[in-house]
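First the structure, in the form of structure tokens, and then the observations on it.
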Amino acid sequence: MLADIISNSTNKITFLGDGEFDHINLQKFCTSKGWSYVLRTAKSSIFYAQADDEFKAKDLAPALSEDYFSIDKVKFTRKKYGPVHLLVWHSKEYEEALYLISDLEYAPDIISYYKRRFSIETIFSDIKSRGFKIHKTKIQDAERLSKLLIIVCLGFLITFLFGTYSTVYQKHISKFIRKDRIDQYSIFQIGFRAIEYFGKKKKYRKILNQFSKDIFKYICVR
């Protein structure tokens with residue numbers, strides 16, 4: 001579905017994914033579409049060097065003075081898919097290393113692209129485990145799933161906006177979030193908890209009613 005949408009794009013496309021996306025079929029798909037990819041893999045993933053020596057990703061580590069170590073033209077898994085570029089990225093600010101596979105040749109590019117994944121990490125966790133739990137859906141039909149995603153994205157937008165509405169219900173925040181930890185919550189999380197709280201309290205529903213009138217100030221339909 002995504003491939004159909006962007007098939008006519010003239011932009012360079014690089015697919016980013018965490019450990020759920022490192023399977024060979026996806027790498028083949030990206031290659032067939034002319035896309036580059038940077039995917040996280042497990043430290044236990046098996047690779048084969050050019051001399052056909054088997055090793056695991058965790059067997060590699062950058063030098064103490066470096067943030068990464070990479071080795072190109074290796075084969076991935078016992079199916080020996082490749083060649084791929086394996087990069088071990090262990091920035092000093094993180095306790096554990098990240099293991100990345102890519103078809104890109106230049107190691108700093110692999111890191112640069114993967115860093116962008118963190119900019120969308122919040123929305124994934126908010127529509128999954130920390131919010132709407134969409135990862136538990138068993139829908140397999142692509143059309144039905146696309147419709148569900150539209151609803152979920154609208155729900156995300158509304159919930160996020162209600163989080164920005166906090167000046168209206170400021171005095172009530174301590175009833176559903178510890179004020180000394182409020183900086184640990186995203187705007188979505190504040191909105192999510194607020195809607196959940198006020199929706200159960202009949203006397204506070206006027207806040208939700210007022211918000212439902214104000215929301216169209218923020219949404220533009222074209």
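Chain labels follow the order of the structure tokens: the first chain is A, the next B, and so on; residue numbering restarts at 1 in every chain, and ligands are counted from 1 in their shown order.
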
Which of region 35-205 of chain A fall in alpha helix (DSSP H), as a PyMOL selection string: chain A and resi 107-115+121-127+142-164+187-200+205

Could you pull out the strand (DSSP E) residues of region 12-203 of chain A from DSSP and send them as an MDAnalysis selection string? chainID A and resid 14:17 36:41 46:48 54:56 68:76 81:89 98:102

Keeping only N, CA and C atoms, take the residues you just selected and write them out as a tab-separated table (two decimals), in the first residue's frame.
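selection-v8.tsv, freshly written:
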chain	number	residue	atom	x	y	z
A	14	THR	N	14.64	5.95	1.89
A	14	THR	CA	15.40	5.06	2.78
A	14	THR	C	14.45	4.55	3.85
A	15	PHE	N	14.23	3.25	3.89
A	15	PHE	CA	13.31	2.61	4.83
A	15	PHE	C	14.03	2.40	6.16
A	16	LEU	N	13.43	2.87	7.25
A	16	LEU	CA	14.00	2.71	8.59
A	16	LEU	C	13.12	1.78	9.40
A	17	GLY	N	13.72	0.87	10.15
A	17	GLY	CA	12.91	-0.04	10.94
A	17	GLY	C	13.67	-0.59	12.13
A	36	SER	N	16.72	2.32	-0.38
A	36	SER	CA	17.76	1.94	0.57
A	36	SER	C	17.07	1.56	1.88
A	37	TYR	N	17.80	0.94	2.78
A	37	TYR	CA	17.20	0.59	4.07
A	37	TYR	C	18.26	0.58	5.17
A	38	VAL	N	17.79	0.89	6.37
A	38	VAL	CA	18.61	0.78	7.59
A	38	VAL	C	17.71	0.14	8.62
A	39	LEU	N	18.06	-1.06	9.07
A	39	LEU	CA	17.20	-1.83	9.96
A	39	LEU	C	17.98	-2.29	11.18
A	40	ARG	N	17.33	-2.23	12.31
A	40	ARG	CA	17.96	-2.74	13.52
A	40	ARG	C	17.82	-4.26	13.55
A	41	THR	N	18.81	-4.93	14.05
A	41	THR	CA	18.75	-6.38	14.18
A	41	THR	C	19.19	-6.77	15.59
A	46	ILE	N	22.94	-13.94	13.19
A	46	ILE	CA	24.11	-14.63	12.64
A	46	ILE	C	24.52	-14.02	11.31
A	47	PHE	N	25.82	-13.89	11.13
A	47	PHE	CA	26.38	-13.34	9.89
A	47	PHE	C	27.52	-14.24	9.41
A	48	TYR	N	27.86	-14.04	8.14
A	48	TYR	CA	29.00	-14.77	7.57
A	48	TYR	C	29.93	-13.78	6.90
A	54	GLU	N	31.42	-17.94	10.37
A	54	GLU	CA	30.18	-17.55	11.05
A	54	GLU	C	30.48	-16.75	12.31
A	55	PHE	N	29.70	-15.71	12.55
A	55	PHE	CA	29.83	-14.93	13.79
A	55	PHE	C	28.48	-14.29	14.11
A	56	LYS	N	28.35	-13.82	15.33
A	56	LYS	CA	27.14	-13.12	15.75
A	56	LYS	C	27.43	-11.63	15.87
A	68	TYR	N	31.40	3.61	16.69
A	68	TYR	CA	30.86	2.53	15.87
A	68	TYR	C	31.97	1.69	15.24
A	69	PHE	N	31.55	0.50	14.85
A	69	PHE	CA	32.41	-0.39	14.07
A	69	PHE	C	31.54	-1.00	12.98
A	70	SER	N	32.04	-1.06	11.76
A	70	SER	CA	31.22	-1.62	10.69
A	70	SER	C	32.03	-2.58	9.83
A	71	ILE	N	31.32	-3.50	9.24
A	71	ILE	CA	31.94	-4.46	8.33
A	71	ILE	C	30.98	-4.68	7.17
A	72	ASP	N	31.46	-4.47	5.97
A	72	ASP	CA	30.57	-4.59	4.81
A	72	ASP	C	30.74	-5.93	4.11
A	73	LYS	N	29.86	-6.16	3.17
A	73	LYS	CA	29.88	-7.37	2.33
A	73	LYS	C	29.83	-8.65	3.17
A	74	VAL	N	28.92	-8.65	4.16
A	74	VAL	CA	28.70	-9.87	4.94
A	74	VAL	C	27.35	-10.45	4.54
A	75	LYS	N	27.16	-11.73	4.86
A	75	LYS	CA	25.89	-12.41	4.56
A	75	LYS	C	25.08	-12.50	5.86
A	76	PHE	N	23.76	-12.36	5.72
A	76	PHE	CA	22.86	-12.25	6.88
A	76	PHE	C	22.07	-13.54	7.07
A	81	TYR	N	21.81	-14.23	3.16
A	81	TYR	CA	21.33	-13.15	2.29
A	81	TYR	C	22.35	-12.02	2.28
A	82	GLY	N	22.56	-11.46	1.12
A	82	GLY	CA	23.47	-10.33	1.06
A	82	GLY	C	24.13	-10.19	-0.28
A	83	PRO	N	25.18	-9.40	-0.32
A	83	PRO	CA	25.88	-8.83	0.84
A	83	PRO	C	25.15	-7.65	1.47
A	84	VAL	N	25.33	-7.51	2.79
A	84	VAL	CA	24.79	-6.37	3.52
A	84	VAL	C	25.92	-5.73	4.33
A	85	HIS	N	25.64	-4.56	4.84
A	85	HIS	CA	26.59	-3.82	5.66
A	85	HIS	C	26.12	-3.92	7.11
A	86	LEU	N	26.94	-4.45	7.98
A	86	LEU	CA	26.62	-4.56	9.41
A	86	LEU	C	27.36	-3.47	10.17
A	87	LEU	N	26.62	-2.75	11.00
A	87	LEU	CA	27.22	-1.67	11.79
A	87	LEU	C	26.84	-1.83	13.25
A	88	VAL	N	27.83	-1.78	14.11
A	88	VAL	CA	27.62	-1.80	15.57
A	88	VAL	C	27.81	-0.37	16.06
A	89	TRP	N	26.74	0.21	16.56
A	89	TRP	CA	26.76	1.62	17.00
A	89	TRP	C	26.60	1.66	18.51
A	98	LEU	N	23.65	-0.70	19.50
A	98	LEU	CA	22.62	-0.99	18.50
A	98	LEU	C	23.30	-1.69	17.34
A	99	TYR	N	22.62	-2.69	16.80
A	99	TYR	CA	23.16	-3.45	15.67
A	99	TYR	C	22.29	-3.17	14.46
A	100	LEU	N	22.89	-2.61	13.42
A	100	LEU	CA	22.16	-2.16	12.25
A	100	LEU	C	22.65	-2.86	11.00
A	101	ILE	N	21.70	-3.20	10.11
A	101	ILE	CA	22.06	-3.74	8.80
A	101	ILE	C	21.52	-2.80	7.74
A	102	SER	N	22.26	-2.67	6.66
A	102	SER	CA	21.89	-1.71	5.64
A	102	SER	C	22.51	-2.09	4.30

All residues 12 Å or closer to Leu148 (chain A), only C-alpha atoms, same chain fewer than 2 positions away omitted, as a ChimeraX atom specification: /A:127,132,134-135,137-146,150-155

Requested write-out: C-alpha atoms of the selected residues, as a PDB file, in the first residue's frame:
ATOM      1  CA  ILE A 127      -0.622   4.488  19.126  1.00  0.00           C
ATOM      2  CA  PHE A 132      -4.424   2.900  21.566  1.00  0.00           C
ATOM      3  CA  ILE A 134      -3.118  -0.923  17.849  1.00  0.00           C
ATOM      4  CA  HIS A 135      -0.416  -3.611  17.873  1.00  0.00           C
ATOM      5  CA  THR A 137      -5.315  -5.784  16.353  1.00  0.00           C
ATOM      6  CA  LYS A 138      -5.670  -8.998  14.374  1.00  0.00           C
ATOM      7  CA  ILE A 139      -6.883  -7.299  11.207  1.00  0.00           C
ATOM      8  CA  GLN A 140      -5.070  -8.695   8.186  1.00  0.00           C
ATOM      9  CA  ASP A 141      -7.069  -7.114   5.375  1.00  0.00           C
ATOM     10  CA  ALA A 142      -5.065  -4.142   4.054  1.00  0.00           C
ATOM     11  CA  GLU A 143      -8.104  -1.976   3.263  1.00  0.00           C
ATOM     12  CA  ARG A 144      -9.674  -2.458   6.697  1.00  0.00           C
ATOM     13  CA  LEU A 145      -6.328  -1.815   8.362  1.00  0.00           C
ATOM     14  CA  SER A 146      -5.832   1.414   6.396  1.00  0.00           C
ATOM     15  CA  ILE A 150      -7.034   6.779   9.632  1.00  0.00           C
ATOM     16  CA  ILE A 151      -9.276   6.633  12.715  1.00  0.00           C
ATOM     17  CA  VAL A 152      -6.304   6.048  15.020  1.00  0.00           C
ATOM     18  CA  CYS A 153      -4.382   8.981  13.522  1.00  0.00           C
ATOM     19  CA  LEU A 154      -7.385  11.265  13.975  1.00  0.00           C
ATOM     20  CA  GLY A 155      -7.645  10.007  17.550  1.00  0.00           C
TER      21      GLY A 155
END

How close does region 80-165 of chain A get to region 189-197 of chain A? List, as a Markdown table, each residue of region 80-165 of chain A within 6 Å, its nearest atom pair and the distance in Å to one decimal, counting only C-alpha atoms.
| residue | atom | partner | partner_atom | distance |
| --- | --- | --- | --- | --- |
| A:Thr159 | CA | A:Gly191 | CA | 5.1 |
| A:Phe160 | CA | A:Gly191 | CA | 5.8 |
| A:Phe162 | CA | A:Gly191 | CA | 4.9 |
| A:Gly163 | CA | A:Gly191 | CA | 3.7 |

Could those residues be written to a file, using N, CA and C atoms, as an mmCIF file, in the first residue's frame?
data_model
loop_
_atom_site.group_PDB
_atom_site.id
_atom_site.type_symbol
_atom_site.label_atom_id
_atom_site.label_comp_id
_atom_site.auth_asym_id
_atom_site.auth_seq_id
_atom_site.Cartn_x
_atom_site.Cartn_y
_atom_site.Cartn_z
ATOM 1 N N THR A 159 -6.279 13.696 20.693
ATOM 2 C CA THR A 159 -5.706 13.500 22.028
ATOM 3 C C THR A 159 -4.528 14.434 22.257
ATOM 4 N N PHE A 160 -3.684 14.586 21.249
ATOM 5 C CA PHE A 160 -2.544 15.503 21.342
ATOM 6 C C PHE A 160 -3.035 16.931 21.578
ATOM 7 N N PHE A 162 -5.807 17.848 22.939
ATOM 8 C CA PHE A 162 -6.356 17.980 24.289
ATOM 9 C C PHE A 162 -5.232 18.118 25.305
ATOM 10 N N GLY A 163 -4.077 17.540 24.985
ATOM 11 C CA GLY A 163 -2.912 17.727 25.848
ATOM 12 C C GLY A 163 -2.465 19.174 25.882
#

Excluding Ile123 (chain A) and residues on its chain fewer than 4 positions from it, collect all residues at most 10 Å away from it, counting only C-alpha atoms, and give them as a VMD selection string. chain A and resid 118 to 119 127 to 128 130 to 131 153 156 188

What would the file look like if the residues just selected were written as a PDB file, in the first residue's frame with N, CA and C atoms?
ATOM      1  N   PHE A 118      14.214   7.985  15.612  1.00  0.00           N
ATOM      2  CA  PHE A 118      13.814   8.366  16.961  1.00  0.00           C
ATOM      3  C   PHE A 118      12.840   9.541  16.952  1.00  0.00           C
ATOM      4  N   SER A 119      12.837  10.319  15.874  1.00  0.00           N
ATOM      5  CA  SER A 119      11.920  11.461  15.799  1.00  0.00           C
ATOM      6  C   SER A 119      10.476  11.024  15.620  1.00  0.00           C
ATOM      7  N   ILE A 127       0.504   5.196  19.739  1.00  0.00           N
ATOM      8  CA  ILE A 127      -0.622   4.488  19.126  1.00  0.00           C
ATOM      9  C   ILE A 127      -0.544   2.988  19.403  1.00  0.00           C
ATOM     10  N   LYS A 128       0.573   2.559  20.011  1.00  0.00           N
ATOM     11  CA  LYS A 128       0.695   1.146  20.362  1.00  0.00           C
ATOM     12  C   LYS A 128       0.574   0.974  21.878  1.00  0.00           C
ATOM     13  N   ARG A 130       1.537   2.514  24.656  1.00  0.00           N
ATOM     14  CA  ARG A 130       1.259   3.589  25.612  1.00  0.00           C
ATOM     15  C   ARG A 130      -0.072   4.289  25.353  1.00  0.00           C
ATOM     16  N   GLY A 131      -0.784   3.850  24.324  1.00  0.00           N
ATOM     17  CA  GLY A 131      -2.021   4.547  24.000  1.00  0.00           C
ATOM     18  C   GLY A 131      -3.118   3.643  23.488  1.00  0.00           C
ATOM     19  N   CYS A 153      -5.146   7.741  13.705  1.00  0.00           N
ATOM     20  CA  CYS A 153      -4.382   8.981  13.522  1.00  0.00           C
ATOM     21  C   CYS A 153      -5.214  10.209  13.883  1.00  0.00           C
ATOM     22  N   PHE A 156      -5.232  10.224  17.570  1.00  0.00           N
ATOM     23  CA  PHE A 156      -3.952  10.732  18.065  1.00  0.00           C
ATOM     24  C   PHE A 156      -3.934  12.256  18.018  1.00  0.00           C
ATOM     25  N   PHE A 188       0.843  13.981  24.284  1.00  0.00           N
ATOM     26  CA  PHE A 188      -0.178  12.967  24.015  1.00  0.00           C
ATOM     27  C   PHE A 188      -0.582  12.262  25.301  1.00  0.00           C
TER      28      PHE A 188
END

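Proximity of A:Glu20, A:Phe198, A:Thr77, A:His90 to Ile173 (chain A), computed with only C-alpha atoms, is greatest for A:Phe198.
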
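Between CA of Lys136 (chain A) and CA of Leu149 (chain A) lies a distance of 13.1 Å.
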
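Here CA of Asn25 (chain A) and CA of Phe124 (chain A) stand 22.5 Å from one another.
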
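Reported to one decimal place, the separation of CA of Ile13 (chain A) from CA of Gly34 (chain A) is 8.0 Å.
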